[in-house]
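Chemist: Pasting a structure here, questions to come.
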Amino acid sequence: MRARDVSVFYGPKQAIDSVSIDIETDHVTAFIGPSGCGKSTFLRTLNRMNDTIASARVEGTIELDGDDIYRSGMDVVQLRARVGMVFQRPNPFPKTIYENIAYGPKIHGLADGKDHLDQIVEKSLRRAGLWEEVKDRLSDSGTALSGGQQQRLCIARAIAVEPEVILMDEPCSALDPIATAKIEELIDELRGRYAIVIVTHSMQQAARVSQRTAFFHLGKMVEYGETSDIFTNPREERTKDYITGRYG
Amino acid sequence: MRARDVSVFYGPKQAIDSVSIDIETDHVTAFIGPSGCGKSTFLRTLNRMNDTIASARVEGTIELDGDDIYRSGMDVVQLRARVGMVFQRPNPFPKTIYENIAYGPKIHGLADGKDHLDQIVEKSLRRAGLWEEVKDRLSDSGTALSGGQQQRLCIARAIAVEPEVILMDEPCSALDPIATAKIEELIDELRGRYAIVIVTHSMQQAARVSQRTAFFHLGKMVEYGETSDIFTNPREERTKDYITGRYG
Amino acid sequence: ACGGGGGGTRNSIRAVGSSTVYPFAKSVSESFTRAHPDFSSPIIESTGTGAGMQLFCAGVGANTPDIADASRRMKPAEFETCQANGVKDITEIQVGLDGIAFASAKGGITMNLTPAILYKALAANPYGEKQTAKKWSDVDPSLPDLPILVYGPPSTSGTRDALKELVLEVGCEADPKMEALKESDKDKFTQTCTEVRSDGSYVDQGEQDNLIVQKIEGNPNAIGVFGFSYLEENADKIQGLHMNGVEPTYANISSFAYPGARPLYIYVKDAHLDAIPGLREFVASWATEWSKGGPLAKIGLVASPADVMAKSKAATTEFPKLTIADLKSAAYPK
Amino acid sequence: MSDTITLPTRTPAFEKRLKKRYAAEKRFRLAGLGAILFSVVVLAFLLVTMTVNGIGGLTRVEVTVPIDFREAGLTIDRSQRNESESLQSLQGQGLPDVVDFYAEKALGKDGAAQISSDSWRLVANDIISNPASLDREVTFNLPTNKDLANAYRGDGKADLQPLAKRLQSEGKIASRLDLGFLTRSDATDPQLVGIWGALKGSMLTMLITLALAFPIGVLAALYLEEYAPKNRWTDLIEVSINNLAAVPSIIFGLLGLALFLGLFPNLRSAPIIGGMTLALMTMPVIVISGRNAIKAVPPSIRDGALAIGASPVQVVFHHVLPLALPGILTGTIIGMARALGETAPLLMIGMRAFVATPPEGFTSPATVLPVQIFLWSDEIDRGFVERTSAAIIVLLIFLLCMNGIAIYLRNRFEKKW
Amino acid sequence: MMSPAILLLLALLLGLAGWLAARARAWGYKRAAPNTRLAALPSYHGWYVALWVLVPVLLFVCLWAVIEPQLVTQYVLGTPAAANLPDFGMQRQTMLAEARAVAVGSAQGVFNPDSRALIEPFEQALLRYNIVGVIATLLIGFAGGTWAFLRLKPDFRARTKVERIVMGILLLASLVAVLTTLGIFISLVFETIRFFGMVSPIDFLFGTHWGPDPMGNPANPDPSRYGAIPLFWGTIYIGAIIAMIVAIPLGLMSAIYLTQYANPRWRKWLKPMLEILAGVPTVVYGYFAALTVAPIVRDLAISVGISNASSESALAAGLVMGVMIIPFVSSMADDSIAAVPQAMRDGSLAMGATQSETIRKVLVPAALPGIVAGVMLAISRAIGETMIVVMAAGAAANLSANPLEAMTTVTFQIVAMLTGEGSFDHPATLSAFALGFVLFLVTLALNFIALRVVKRFREAYE
Ligand SMILES: Nc1ncnc2c1ncn2[C@@H]1O[C@H](COP(=O)(O)OP(=O)(O)OP(=O)(O)O)[C@@H](O)[C@H]1O
Ligand SMILES: Nc1ncnc2c1ncn2[C@@H]1O[C@H](COP(=O)(O)OP(=O)(O)OP(=O)(O)O)[C@@H](O)[C@H]1O
Ligand SMILES: [Mg+2]
Ligand SMILES: [Mg+2]
Ligand SMILES: O=P([O-])([O-])[O-]
C-alpha cells in the first residue's frame, strides 16, 4: 500500500499531517509513538474504518494495488474484505467460535456449501494457531475464551476472508505476557503471506516483531525505516528522545 | 508512613499480598510495575480512598505518625486532609479555578475570612507553578484549562489543605510531553516539603523524579530501594525482566 | 406529613346515581349554582341507579351522598338497607318521566314491537325453554328476516331494571304458565322472566347511553335501548320503534300510552337537610325546572302529569317521609 | 503460495453478490425510514385531526342583539361592590325580560327562543363591569342554545335549519372566537362550557404531586445511588422502585381508593387526594431518572472531593447534586407531564364528577383536564366533540411545552464528562 | 387554622436564632485557640442546634394541629351556647365548623342562624389555645436548643451528628417506595381475599363467562358469571398481540434507523418527535381511537365485505395502543443497541459487512436480551393501559379471535366495576380488586424478569 500526503482531520482538528509511506507486502510494519500521536487514526485510514466517525475527513491518496481507496465509487465493503483489521481489545462476536470465523465468508458468500465453510473455518483457525485449543468446542461462545485466545480468534476471523493486508491496533496491550508471546509468534508466522501493519506502544514489541518501523509524533511521521536502524541508530533527535524515554 | 503486611482484597480476589514499606518524608517514592499489579490499589489504601469501593477489604496496619489509620474511630475526613491525592486523569471540579482551590480550606474551616482565603489560593497556585498562568482568570471554570494545567490545578487543590503526604496515581499518563515535563519539575520542587508517592507506568519517569522506587508484580512488592539501584542493579530477576521490556 | 383530614363536614351537595337522571341533575346543579353563588356547586356523579342506591343507603354523614338519582323507584330491599344503616328519613320526589325507547338508525330496521316479542327475542330462557331465536323472523314470521342485535344498558342501570319490569316481565306474564309460576316460585319466575340472553344478540353497552346511539347509527340492523331523552336528543339520526303500535313521543310517554314510560326520581336524605348548606335550595331548584317547556324539557325530560307534579312540588318544601308501604304500592303507575 | 492469485474477494462472482447486498442494504434502510415516518405521520395526523376539530371548539355560535338600555329603565347601584348582589338586583328589575324583548325584536320570535338561557347573565355582567352602557344602545353577541348552534353548523335538528339560514342571510348569526372557553367551567350546554375549572384542578393536583414527589424522589435517588449499602434492604427498596415505575396507573387508583379515601373519605374528588395518588406514581419515575443523572456525574469528581477530605454528605450536596440537577429536573418534568395526562387512577378516586365551579382549594371537589376530556368525549352533542378537541389542544399545548422544556434542558446540559 | 402556620413560623425563627447563637459560639472557640482545628465547621454547630430546635417543635406542631381543634371544640361544647345544638352528629359538626370558620376568619357568615351564637365561644377558645400553643412552642424549642447548645465544645463532632440526621431523612425518603408497594399490596389483597370468599378462585381464573350482576344478591353470587378468562384473553389479544404486532417491528426499526442511519441533524428532530408520541396522554389516544381510528377500521372492514364489524373493535384499540407503545419499544431497543460495545460494530464492519448486515447479524442478536426485556416491559405497559380500552375497546366480554369484534380487558372491567364509588361488599365490586391484583402480579412478574434480563445483559458488557 502506498500513502501519499495523507492528512486526517477530526472536525477542525488535524490528527495526521501529510504522512507518506509505502507498506511492503512481505514485511511486518510497526507504528510507534507517544499516546495520541495519531497511530490508530492513520491505521484506520488504511481500510477506511474512519468512515464510521462522522467528523473524520481524509485528504491525500492511499493506493492498494495502484487503486486509490478514497476515490469515489470505491467499494468500501470489498476494500475492508481485502484489508482486515484486528483491534486493541479482542472483540469476538457473542456467537459461537465457529460462527465467529464463518461470519466473514458467509456474508461475502465465499463458501460453496457447508463442507467448504468447515474447511475455511478449520484452515483459518489452524493458521491462527488456535485449532488445537478449540477444535472440540467450536460451538462454545467466542466470548468464553481467554483474552489471548480471543485475540487469536479475531485474527483467525480476519484471515478467513483471505485479506491482502492485516492491520493490528495494539493487539497485545490488553493481554498478559504469555498471551503476548503467542500473538507475537503468530505474527511472525503470518509474515510473508499477508502484509501486516501493527500499532504498538511497546518499543520492545516493535523491535521483536517488525522489520519496518514508523515513528509518529504529534500527527507527523517523523521517521520510517528498517526496525534495526530506528532502534539502534535513529536519524532524528525526537525519535532518539522517545526511544530513550525522554517522553511518552 | 509505615505499612506492615498490608493485603487488599476485592471481594474474594486478592489484589495486594502482604506489602510492607516505609515511605520517607523527604523523598519522592515511585511505584512501578505492569498493568494490574496493584499499584493503584496500594496507593489508595494509604488515604483510605479504598473505602469508597464496597467490595474492598484491607488487612495489616498502615501508620501515619505512629497512628494506625485503619483503627476504628479514625476520622477518615481528617486523614484525607492530611494525605492528599492526585489522580490519573485531571479531575478539577466544574467550578471556577478559585473555587477549586478554596473548596478544601472552606470545608475544613482553614481560612479566617475572605482575605485569608485569597492568600491560601494564591499561595497554593504559586507552589503548583500555575499562578502566573491563571491569575487573571481565577473565575474561569477549572475545566476550561488545558490538561497539564488541570493536573497542576489538582495538585494545587491538594496542597491548599496543607497535607503531609501527597499521593499521585499516574499523574502524567494523560498529558503530553511538555505538560509532563512541567509536572515533573513541580514534583521536584515540592520534594522535601511533602512526602510524595507517585505511581507511574513509565520507568523513565520513575528514574527521573524519584529517589526511592518500589516494583510491584502480581500484587506483591518485589523490590524496594534507591531508584538508582533498582534501575542499574536490580536484585530480583523479575525486576530486571520488567526493566528491560521482557513484559508489561 | 401532618395535618388532619378529619372534620366530618362537607360544603358541597353530593348526588349520585342514575345515568338517565344525570344530565337533568347536572342542569339543575348548574342553575342552582347560578342562582345561589354563595353555595358551593353540587357534585354530581353518574354511577347507575343501583350503585347510587347502595351509596345513598350506606349511612348518614359527610361521607355519604345527600341525594340518590334514580331511573326507577327505590326497591323495598334498598329501603330496608337504608333503614338498617340509619338512613331513616328519606323523601322521594318524582322529577319527571322518561321512556325506555327502542330505536334504530334512520333508514334502518323498522318493526312494530310488543313486550312479548321482545321477551321472546331477548330472554335467556323464554318461558323456561332454551333460547333458539337468531333472527327476528324466528320469533315471529311476520318480522324481518334479520339477525337479532340489541344494544342496551348493563345490569347495573335503572334503564335495565325498567326494561325488565316494564317490558320483559309484561311479555313474560302473557303466558299463563308463567302467571302460575309467579304464585308458586317467585325466584324462579323472576329469573325466567328477567334474565337477558348473553350469547351476543344482546350487547351490554356499559353505562354510556351515548355509545348505544353511536352503535345503532353505525349499524342499520341494530336496535338500541335507552332513555327517551337520548332519542329526543338524536332525533336527526335515529328513529323510535313503535311498541304495541304506539310511537315513543313526548305526548305518548306523558300519557303512559307508550308501554315503556317510567318515572324518574330523586331521593333526598332528610337528615342532611340542615347539615349541608344549600341542600334545601337545591331540591327546590328542581321544581323550578321540571315544568313542561322548562329547561329540563329542552333536554329531554318528559314532565309528569299535573297532579303528580303538584305533589312533587309540595315534597320539595315539606319533605314527607317515605314509607315501605309507599314503595309496595304499584311500582309504576300505568 | 499458489492461492495468492485466486483471492476470493476479487472475483466477478463476489462483485455480483455485492450488488445484491447493496440492494438489501437499501431496502433495510428504507424500512427503517418507513418505520419512523409512520410514527411521525401518525403523530401529525393526530395533531392535525385534533387541531382541525379543536379550532371549532374555540368558537361558538352567537347572534347579534342590539339592546337599547335607555328604553329599558334599568338602574344599577354603583356603590354596590358585590357582583352577585348586583346581578340579583338586575334580575329583579327584569333584565331577562328586557333581553328577551330585544332578542325578539332582532331575531324574531322563533330566533329569540333559541338564544342561550344564560344570555341575560352575560348582559348583566357587561353592565356591572361597565355601568355607563346603561345610558346608550349596546350591541351584544349572545350565544345561541346548542340546537341552533348545531343547525347553524349544518347538522342537528332539521326544523331549525331554516331559522339558521334566515339569520345567516340577515348577517345576525356567526361563529365567533370564544376566549371565554378558557375562563369558564364545566356546564351542560356545549355553548357555555369552559375548561378553567378542570385546568385549575389540574394545577392544584400537580402542585401537590410536585411538592411530594420531587423532594422524596430526589432524596431517595441520592440515597440509593450514593449511600445505600448493598444489602437485602436496599435491594428491596430498589426492586420496589423499579416495579412501581411499571405498575399500571390504574393500580395506583385502586391504592388511592382503598388507602387515601379509606383514611379521608370526605376528601373524595379533591385535588389533594389526586395529587397524593399521582405523587406515588410519579415518584419512581423521578427516582429512576434522578439516579441516571446522578450516575452520569463522573466518579472522578467524587474522588477529587473525597481526597481533599470532604465528607460523603458534603460530596453529594456540594458536587453531585448541583451537577445532576438538570438531569433530575428533566426527569421530573417528564414525570409530571405523564401525571398531568393521567386519567385512569383519578377516575377511581372520584375526580370524574360534574363540578360547575372551579375548585377553591386543595380540598374542594375538582376534576382535571384529562378527566374532563374523558367526560366530554362521552357527551353526544356535536358541540362537545369540538369542545373535547379544543380541551385536548389545551392539554397538548401544556404537555408539549413541558416536554419541550425537558428536551431543551437535556440538550443544553447534556454533558459528556 | 392560622395557628399551625404561625407556630411553624415561630419554629423557624427559633431555629434561626439557635443556628446563629451556636455558630457564634463556635467562632468563639476558634478565636480563643486560633491554632487548633475545630472538629467541625461553625455552621455545623449551628445546624446541630437548629435541628434540635426544629425537630421537636415540628413534632409538637403536628401533634398540636390534631389536638388543638379538639380542645377548642371541647371548650365550646362546654359553654352555654352549645346547649341547644341539635343531636344529629353531622348537623352539629356542620354548625360547629361554620362557626369556627367565621371565628378564624375564613368565612364571612354562617348559613345556619343557630350557629351564630357559637362564634364568640369559638373566638375565646381559639384565643386561649393559640396562646397555649405559642407558649408551648417557645418552651419546647427553647428546651431543645438549650440542651444542644450546652453540648457544644471545641472538639464536638457536630458535622457527624448533623450528617447522621441527613442520612436518616434520605433513608426515610427511599422507604416511601417500599411503603407504596406494601400499600398497593395491602389495598388489593384484603379485598381480593374477601372476593375469593364469595367466588372461588377456580371459577374466577378458569371460568369462561364474564357477566357479574351488581344488582344481584351479594350474599349469593352466581360464580359462573365471574369467569375472567374472556377478560384475560381480551387483555392479551389487544395488549400483547395486536399492539405488539404494531409496536415491535416499528419500534425496533425506528430505533435502528435513528441510531444507525439517521444523520445527527435529522436525529435531533426525529427523536423528540417520538418522545412527543410517548408524551401524548392516553385519554387523547383513547379519543383518537374511538373517534377516528375505530370508524376507519369499521368502514374498511365493511368495504371488504365484513358486514358485522363492530365500531368498537379490538383492532382499533390495539392499533392505537401499538402506536402509543412504539416510542417505548424504540427507546428500550435504542438503549440495548447502544449498550452493545462499539467494538462489535467495528469488528463486523472491518470484516467488510454492510451496515444492515452488521445490524441484523451482530448488533440485534447481541442486543436481543435487552430488546426482549424491553418488549416485556412494553407488554406490561400495554396490558395495564386503561383509557384506550375504556374508550375504544368496548364492554363485551367476548372470547373470540376476530380482531373486528369488541373485546373487553381487565383494566376496562376495573373501571366499569368501580367508577364512581363502589360499595365494598358486593362481589361484583370486589372483583375489580381481584382483577387489579392479578394485573399487579402479572406486570410485577413481567417487570421483574425483564429487569433481571436487562441487568444481566448490561453486566455482560461492563
Ligand atoms: N473520534 C475522534 N474525534 C476527535 N478526535 C479524535 C478522535 N479519535 C482520536 N482523536 C484525536 O486524534 C488524535 C490522534 O488519536 P489516535 O487515537 O490516533 O492516537 P494514538 O496514537 O492511537 O494514541 P493511543 O496510543 O492512545 O492509542 C488524538 O489527539 C485524539 O484525541
Ligand atoms: N474496584 C475493583 N473491584 C475489583 N477488582 C479490582 C478493582 N479495582 C482493581 N481491581 C483489580 O485489582 C488488581 C489491581 O488493580 P490496580 O488498579 O491496583 O492495578 P494497577 O497496578 O494500578 O494497574 P494500572 O497500571 O492498569 O493502573 C487488578 O487485577 C484489577 O483488576
Ligand atoms: Mg490508538
Ligand atoms: Mg492504576
Ligand atoms: O343509569 P341508569 O339510569 O340506567 O340507572
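Residues are referred to by chain and number: the chain letter is A, B, ... according to the order shown in the C-alpha cells, the number counts from 1 in that chain, and ligands are numbered separately from 1 in the order shown.
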Just asking: which residues within segment 139-201 of chain C are helix (DSSP H, G or I) according to DSSP, as a VMD selection string?
Modeler: chain C and resid 139 158 to 173 176 to 184 186 to 194
Chemist: Within 8 Å of ligand 2, counting only C-alpha atoms and all ligand atoms: which residues, as a list in words?
Modeler: Tyr10, Gly11, Lys13, Gln14, Ala15, Ile16, Ile32, Gly33, Pro34, Ser35, Gly36, Cys37, Gly38, Lys39, Ser40, Thr41, Phe42, Leu43, Ile53, Ser55, Ala56, Asp169, Glu170, Val199, Thr200, His201, Phe216, Leu218 and Gly219 of chain B
Chemist: Just write the chosen residues, N, CA and C atoms, as a PDB file, in the first residue's frame.
Modeler:
```
ATOM      1  N   TYR B  10     -10.419  -7.545  46.853  1.00  0.00           N
ATOM      2  CA  TYR B  10     -11.669  -7.078  46.242  1.00  0.00           C
ATOM      3  C   TYR B  10     -12.599  -8.267  46.271  1.00  0.00           C
ATOM      4  N   GLY B  11     -13.532  -8.266  47.182  1.00  0.00           N
ATOM      5  CA  GLY B  11     -14.348  -9.468  47.348  1.00  0.00           C
ATOM      6  C   GLY B  11     -13.416 -10.624  47.637  1.00  0.00           C
ATOM      7  N   LYS B  13     -11.141 -11.691  45.713  1.00  0.00           N
ATOM      8  CA  LYS B  13      -9.904 -11.632  44.942  1.00  0.00           C
ATOM      9  C   LYS B  13      -8.848 -10.803  45.664  1.00  0.00           C
ATOM     10  N   GLN B  14      -7.665 -11.352  45.789  1.00  0.00           N
ATOM     11  CA  GLN B  14      -6.605 -10.626  46.484  1.00  0.00           C
ATOM     12  C   GLN B  14      -5.854  -9.762  45.476  1.00  0.00           C
ATOM     13  N   ALA B  15      -5.789  -8.473  45.739  1.00  0.00           N
ATOM     14  CA  ALA B  15      -5.102  -7.579  44.803  1.00  0.00           C
ATOM     15  C   ALA B  15      -3.728  -7.194  45.322  1.00  0.00           C
ATOM     16  N   ILE B  16      -3.577  -7.195  46.640  1.00  0.00           N
ATOM     17  CA  ILE B  16      -2.279  -6.867  47.250  1.00  0.00           C
ATOM     18  C   ILE B  16      -1.982  -7.936  48.284  1.00  0.00           C
ATOM     19  N   ILE B  32       6.341   1.278  40.561  1.00  0.00           N
ATOM     20  CA  ILE B  32       6.229   0.861  39.160  1.00  0.00           C
ATOM     21  C   ILE B  32       5.814  -0.603  39.104  1.00  0.00           C
ATOM     22  N   GLY B  33       5.442  -1.037  37.912  1.00  0.00           N
ATOM     23  CA  GLY B  33       5.019  -2.419  37.759  1.00  0.00           C
ATOM     24  C   GLY B  33       4.063  -2.540  36.598  1.00  0.00           C
ATOM     25  N   PRO B  34       3.872  -3.762  36.098  1.00  0.00           N
ATOM     26  CA  PRO B  34       2.990  -3.924  34.947  1.00  0.00           C
ATOM     27  C   PRO B  34       1.543  -3.602  35.303  1.00  0.00           C
ATOM     28  N   SER B  35       0.760  -3.411  34.297  1.00  0.00           N
ATOM     29  CA  SER B  35      -0.644  -3.072  34.472  1.00  0.00           C
ATOM     30  C   SER B  35      -1.335  -4.131  35.335  1.00  0.00           C
ATOM     31  N   GLY B  36      -2.173  -3.672  36.261  1.00  0.00           N
ATOM     32  CA  GLY B  36      -2.948  -4.617  37.057  1.00  0.00           C
ATOM     33  C   GLY B  36      -2.200  -5.242  38.204  1.00  0.00           C
ATOM     34  N   CYS B  37      -0.972  -4.781  38.479  1.00  0.00           N
ATOM     35  CA  CYS B  37      -0.208  -5.434  39.533  1.00  0.00           C
ATOM     36  C   CYS B  37      -0.603  -4.920  40.907  1.00  0.00           C
ATOM     37  N   GLY B  38      -1.433  -3.867  40.975  1.00  0.00           N
ATOM     38  CA  GLY B  38      -1.903  -3.423  42.275  1.00  0.00           C
ATOM     39  C   GLY B  38      -1.313  -2.109  42.749  1.00  0.00           C
ATOM     40  N   LYS B  39      -0.603  -1.402  41.898  1.00  0.00           N
ATOM     41  CA  LYS B  39      -0.004  -0.127  42.298  1.00  0.00           C
ATOM     42  C   LYS B  39      -1.087   0.836  42.783  1.00  0.00           C
ATOM     43  N   SER B  40      -2.095   1.034  41.952  1.00  0.00           N
ATOM     44  CA  SER B  40      -3.139   1.987  42.329  1.00  0.00           C
ATOM     45  C   SER B  40      -3.840   1.514  43.589  1.00  0.00           C
ATOM     46  N   THR B  41      -4.140   0.241  43.641  1.00  0.00           N
ATOM     47  CA  THR B  41      -4.822  -0.289  44.811  1.00  0.00           C
ATOM     48  C   THR B  41      -4.044   0.035  46.080  1.00  0.00           C
ATOM     49  N   PHE B  42      -2.762  -0.214  46.046  1.00  0.00           N
ATOM     50  CA  PHE B  42      -1.986   0.032  47.254  1.00  0.00           C
ATOM     51  C   PHE B  42      -1.958   1.518  47.581  1.00  0.00           C
ATOM     52  N   LEU B  43      -1.788   2.334  46.553  1.00  0.00           N
ATOM     53  CA  LEU B  43      -1.753   3.770  46.781  1.00  0.00           C
ATOM     54  C   LEU B  43      -3.026   4.233  47.490  1.00  0.00           C
ATOM     55  N   ILE B  53     -14.891   1.828  47.683  1.00  0.00           N
ATOM     56  CA  ILE B  53     -15.235   0.622  46.921  1.00  0.00           C
ATOM     57  C   ILE B  53     -15.794  -0.397  47.894  1.00  0.00           C
ATOM     58  N   SER B  55     -16.533  -3.449  47.842  1.00  0.00           N
ATOM     59  CA  SER B  55     -16.020  -4.808  47.976  1.00  0.00           C
ATOM     60  C   SER B  55     -14.599  -4.841  48.533  1.00  0.00           C
ATOM     61  N   ALA B  56     -13.957  -3.674  48.671  1.00  0.00           N
ATOM     62  CA  ALA B  56     -12.552  -3.700  49.064  1.00  0.00           C
ATOM     63  C   ALA B  56     -12.395  -3.924  50.568  1.00  0.00           C
ATOM     64  N   ASP B 169      -1.392   9.185  41.346  1.00  0.00           N
ATOM     65  CA  ASP B 169      -1.579   7.941  40.593  1.00  0.00           C
ATOM     66  C   ASP B 169      -1.427   8.226  39.102  1.00  0.00           C
ATOM     67  N   GLU B 170      -0.299   7.902  38.547  1.00  0.00           N
ATOM     68  CA  GLU B 170      -0.002   8.148  37.135  1.00  0.00           C
ATOM     69  C   GLU B 170      -0.421   9.554  36.729  1.00  0.00           C
ATOM     70  N   VAL B 199       2.722   6.907  41.389  1.00  0.00           N
ATOM     71  CA  VAL B 199       2.608   5.681  40.606  1.00  0.00           C
ATOM     72  C   VAL B 199       2.867   6.055  39.161  1.00  0.00           C
ATOM     73  N   THR B 200       3.665   5.280  38.456  1.00  0.00           N
ATOM     74  CA  THR B 200       3.886   5.612  37.053  1.00  0.00           C
ATOM     75  C   THR B 200       4.053   4.343  36.248  1.00  0.00           C
ATOM     76  N   HIS B 201       3.653   4.418  35.012  1.00  0.00           N
ATOM     77  CA  HIS B 201       3.869   3.261  34.150  1.00  0.00           C
ATOM     78  C   HIS B 201       5.136   3.453  33.314  1.00  0.00           C
ATOM     79  N   PHE B 216       6.275  -3.463  41.843  1.00  0.00           N
ATOM     80  CA  PHE B 216       5.160  -4.363  42.169  1.00  0.00           C
ATOM     81  C   PHE B 216       4.978  -5.352  41.041  1.00  0.00           C
ATOM     82  N   LEU B 218       2.137  -8.671  40.264  1.00  0.00           N
ATOM     83  CA  LEU B 218       1.077  -9.588  40.665  1.00  0.00           C
ATOM     84  C   LEU B 218       0.691  -9.423  42.137  1.00  0.00           C
ATOM     85  N   GLY B 219       0.531  -8.171  42.572  1.00  0.00           N
ATOM     86  CA  GLY B 219       0.044  -7.920  43.923  1.00  0.00           C
ATOM     87  C   GLY B 219       1.124  -7.949  44.989  1.00  0.00           C
TER      88      GLY B 219
END
```
Chemist: Have a look at C:Pro141, C:Gly245, C:Gly218, C:Gly152 and name the one nearest to ligand 5; count only C-alpha atoms and all ligand atoms.
Modeler: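 Closest to ligand 5 of all the choices is C:Gly152.
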Chemist: Could you work out how far atom CA of Thr181 of chain E lies from atom CA of Val239 of chain D, giving the answer in Å with one decimal?
Modeler: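 A separation of 9.9 Å between them.
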Chemist: Tell me which protein, DNA and RNA residues are within 12 Å of Gly154 of chain D, counting only C-alpha atoms, leaving out same-chain ones fewer than 3 positions away, and put them as a list of chain:residue names.
Modeler: C:Asp236, D:Val61, D:Asp147, D:Leu148, D:Ala149, D:Asn150, D:Ala151, D:Lys157, D:Ala158, D:Asp159, D:Leu160, D:Gln161, D:Pro162, D:Leu163, D:Ala164, D:Lys165, D:Gln168, D:Arg382, D:Gly383
Chemist: Within 9 Å of chain B, which residues of chain D are there when counting only C-alpha atoms? Please give them as an NGL selection string.
Modeler: :D and (229-230 or 300-301 or 303-311 or 314 or 319 or 323)
Chemist: Restricted to all heavy atoms, what would the selected residues look like written as a short mmCIF file (atom, residue, chain, number, x, y, z; two decimals), in the first residue's frame?
Modeler:
```cif
data_model
loop_
_atom_site.label_atom_id
_atom_site.label_comp_id
_atom_site.auth_asym_id
_atom_site.auth_seq_id
_atom_site.Cartn_x
_atom_site.Cartn_y
_atom_site.Cartn_z
N PRO D 229 -25.95 0.91 51.30
CA PRO D 229 -25.08 -0.25 51.34
C PRO D 229 -25.73 -1.37 50.53
O PRO D 229 -26.94 -1.36 50.30
CB PRO D 229 -25.04 -0.61 52.83
CG PRO D 229 -26.32 -0.08 53.37
CD PRO D 229 -26.67 1.12 52.55
N LYS D 230 -24.93 -2.29 50.06
CA LYS D 230 -25.51 -3.38 49.26
C LYS D 230 -26.03 -4.42 50.24
O LYS D 230 -25.27 -5.23 50.75
CB LYS D 230 -24.41 -4.00 48.39
CG LYS D 230 -24.45 -3.52 46.96
CD LYS D 230 -25.39 -4.37 46.14
CE LYS D 230 -25.98 -3.68 44.94
NZ LYS D 230 -27.40 -3.49 45.00
N SER D 300 -14.86 10.58 39.12
CA SER D 300 -13.62 11.30 39.40
C SER D 300 -13.89 12.55 40.22
O SER D 300 -13.05 12.98 41.01
CB SER D 300 -12.93 11.65 38.10
OG SER D 300 -13.66 12.63 37.42
N ILE D 301 -15.09 13.13 40.06
CA ILE D 301 -15.38 14.33 40.83
C ILE D 301 -15.59 13.99 42.29
O ILE D 301 -15.12 14.66 43.19
CB ILE D 301 -16.61 15.04 40.22
CG1 ILE D 301 -16.19 15.60 38.87
CG2 ILE D 301 -17.13 16.11 41.14
CD1 ILE D 301 -17.14 16.50 38.23
N ASP D 303 -14.25 11.40 43.73
CA ASP D 303 -12.93 11.05 44.25
C ASP D 303 -12.16 12.31 44.60
O ASP D 303 -11.53 12.39 45.65
CB ASP D 303 -12.15 10.25 43.19
CG ASP D 303 -12.65 8.84 43.09
OD1 ASP D 303 -13.46 8.43 43.95
OD2 ASP D 303 -12.26 8.12 42.15
N GLY D 304 -12.23 13.28 43.69
CA GLY D 304 -11.48 14.51 43.92
C GLY D 304 -11.89 15.16 45.23
O GLY D 304 -11.05 15.57 46.02
N ALA D 305 -13.20 15.22 45.46
CA ALA D 305 -13.67 15.87 46.67
C ALA D 305 -13.33 15.04 47.90
O ALA D 305 -12.86 15.57 48.92
CB ALA D 305 -15.17 16.10 46.57
N LEU D 306 -13.53 13.73 47.81
CA LEU D 306 -13.22 12.88 48.95
C LEU D 306 -11.74 13.01 49.31
O LEU D 306 -11.38 13.04 50.48
CB LEU D 306 -13.53 11.41 48.63
CG LEU D 306 -15.00 11.01 48.65
CD1 LEU D 306 -15.14 9.59 48.16
CD2 LEU D 306 -15.54 11.13 50.07
N ALA D 307 -10.92 13.08 48.27
CA ALA D 307 -9.48 13.06 48.52
C ALA D 307 -8.98 14.33 49.19
O ALA D 307 -7.89 14.33 49.73
CB ALA D 307 -8.73 12.84 47.21
N ILE D 308 -9.76 15.40 49.17
CA ILE D 308 -9.30 16.52 49.98
C ILE D 308 -10.09 16.60 51.27
O ILE D 308 -10.08 17.62 51.95
CB ILE D 308 -9.35 17.87 49.24
CG1 ILE D 308 -10.66 18.04 48.53
CG2 ILE D 308 -8.19 18.03 48.30
CD1 ILE D 308 -10.75 19.37 47.87
N GLY D 309 -10.75 15.54 51.64
CA GLY D 309 -11.34 15.46 52.96
C GLY D 309 -12.76 15.96 53.07
O GLY D 309 -13.18 16.40 54.12
N ALA D 310 -13.52 15.89 51.98
CA ALA D 310 -14.94 16.20 52.10
C ALA D 310 -15.65 14.95 52.61
O ALA D 310 -15.29 13.84 52.26
CB ALA D 310 -15.50 16.62 50.75
N SER D 311 -16.67 15.15 53.44
CA SER D 311 -17.42 14.00 53.93
C SER D 311 -18.40 13.56 52.84
O SER D 311 -18.71 14.34 51.93
CB SER D 311 -18.19 14.38 55.18
OG SER D 311 -19.24 15.24 54.83
N GLN D 314 -21.09 15.98 52.24
CA GLN D 314 -20.62 17.20 51.55
C GLN D 314 -20.39 16.93 50.07
O GLN D 314 -20.74 17.75 49.22
CB GLN D 314 -19.33 17.70 52.19
CG GLN D 314 -19.56 18.33 53.55
CD GLN D 314 -18.25 18.62 54.28
OE1 GLN D 314 -17.27 17.91 54.12
NE2 GLN D 314 -18.26 19.67 55.07
N HIS D 319 -21.26 18.78 45.31
CA HIS D 319 -20.80 18.48 43.95
C HIS D 319 -21.81 17.70 43.13
O HIS D 319 -22.19 18.11 42.05
CB HIS D 319 -19.48 17.71 44.01
CG HIS D 319 -18.38 18.48 44.65
ND1 HIS D 319 -17.69 19.45 43.99
CD2 HIS D 319 -17.89 18.46 45.90
CE1 HIS D 319 -16.81 19.99 44.81
NE2 HIS D 319 -16.90 19.41 45.97
N LEU D 323 -24.52 19.09 39.97
CA LEU D 323 -24.22 18.65 38.62
C LEU D 323 -25.35 17.78 38.04
O LEU D 323 -25.58 17.78 36.84
CB LEU D 323 -22.91 17.86 38.60
CG LEU D 323 -21.68 18.71 38.89
CD1 LEU D 323 -20.44 17.85 38.92
CD2 LEU D 323 -21.53 19.78 37.83
#
```
Chemist: Record the distance separating atom CA of Ala31 of chain D and atom CA of Lys268 of chain E, expressed in Å with one decimal.
Modeler: 19.7 Å
Chemist: Could you tell me, counting only C-alpha atoms and all ligand atoms, which protein and nucleic acid residues lie no more than 10 Å from ligand 5, written as a ChimeraX atom specification?
Modeler: /C:16-22,46-53,69-72,98,100,152-163,206-209,226-227,264
Chemist: Could you state the separation of atom CA of Pro271 of chain D and atom CA of Cys401 of chain D in Å, given to one decimal place?
Modeler: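 Interatomic distance here is 22.5 Å.
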Chemist: Compile the contact shell of Phe374 of chain D as a list in words: residues with an atom at most 7 Å away, counting only C-alpha atoms, same-chain residues fewer than 4 positions apart removed.
Modeler: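 Residues near the query, excluding close chain neighbours: Pro370 and Asp378 of chain D; Val283 of chain E.
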